[in-house]
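Q: For reference, the structure I am asking about is given below.
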Amino acid sequence: MIDYSPFWETLEKSRDSWYSLTNKHHLSNSTLHRLKHNKDVSTKTLNDLCRILNCQIEDIVQYIPSDKDQKL
């Protein structure tokens with residue numbers, strides 16, 4: 001399972017907020033909602049967040065093994 005809890009921690013430490021991400025950086029509310037609920041987002045979105053927050057991918061996302069993962 002992909003988990004975005006590192007994103008919220010990183011955002012809290014930054015100078016940005018949900019408001020600035022949507023209004024200044026033009027991320028949609030639906031994208032932030034998807035992050036909040038650990039739904040799929042594009043790699044472009046992840047790239048944009050890394051650029052905006054000046055961070056690494058592991059500051060936004062982590063992988064947590066889950067029984068709900070697709071069988072290989």
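Chain identifiers are assigned as A, B, and so on, following the order in which chains appear in the structure tokens; residues are numbered from 1 within each chain, and ligands are numbered from 1 in order of appearance.
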For range 61-67 of chain A, list every protein, DNA or RNA residue within 8 Å, evaluated using only C-alpha atoms, and leave out those in the same chain fewer than 3 positions away; present the list as a VMD selection string.

A: chain A and resid 1 to 7 57 to 58

Q: With DSSP run on the backbone, what are the helix (DSSP H, G or I) residues within chain A? I'd like them as a ChimeraX atom specification.

A: /A:5-13,18-23,29-36,43-53,57-59

Q: For those residues, write C-alpha atoms to a file as a CSV table (one decimal), in the first residue's frame.

A:
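Produced file selection_24.csv, reproduced below:
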```csv
chain,number,residue,atom,x,y,z
A,5,SER,CA,1.5,10.3,5.7
A,6,PRO,CA,5.0,11.6,5.1
A,7,PHE,CA,3.6,14.2,2.8
A,8,TRP,CA,1.4,15.7,5.6
A,9,GLU,CA,4.4,15.8,7.9
A,10,THR,CA,6.5,17.5,5.3
A,11,LEU,CA,3.8,20.0,4.5
A,12,GLU,CA,3.4,20.8,8.2
A,13,LYS,CA,7.2,21.6,8.4
A,18,TRP,CA,-3.2,23.3,1.7
A,19,TYR,CA,-4.3,26.8,0.8
A,20,SER,CA,-1.0,27.8,-0.9
A,21,LEU,CA,-0.8,24.5,-2.7
A,22,THR,CA,-4.2,25.1,-4.3
A,23,ASN,CA,-4.0,28.8,-4.8
A,29,ASN,CA,-8.5,20.2,-4.1
A,30,SER,CA,-9.3,16.7,-5.5
A,31,THR,CA,-5.6,15.9,-5.7
A,32,LEU,CA,-5.0,16.9,-2.1
A,33,HIS,CA,-8.1,14.9,-1.2
A,34,ARG,CA,-6.6,11.9,-2.9
A,35,LEU,CA,-3.4,12.3,-1.0
A,36,LYS,CA,-5.3,12.6,2.3
A,43,THR,CA,4.1,10.6,-10.8
A,44,LYS,CA,3.8,14.2,-12.3
A,45,THR,CA,1.9,15.2,-9.1
A,46,LEU,CA,4.6,13.6,-7.0
A,47,ASN,CA,7.3,15.4,-9.0
A,48,ASP,CA,5.5,18.7,-8.6
A,49,LEU,CA,5.2,18.2,-4.8
A,50,CYS,CA,8.9,17.4,-4.5
A,51,ARG,CA,9.7,20.6,-6.5
A,52,ILE,CA,7.3,22.8,-4.5
A,53,LEU,CA,8.3,21.5,-1.1
A,57,ILE,CA,10.1,11.4,-2.8
A,58,GLU,CA,10.5,9.6,0.6
A,59,ASP,CA,9.4,12.9,2.2
```

Q: Kindly give the distance, in Å, that separates CA of His37 in chain A and CA of Asp69 in chain A, rounded to a single decimal.

A: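 The value is 16.3 Å.
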
Q: Determine which residues of chain A DSSP labels as strand (DSSP E or B) from the backbone of this structure, then write them out as JSON, numbers by chain.

A: {"A": [2, 3, 62, 63]}
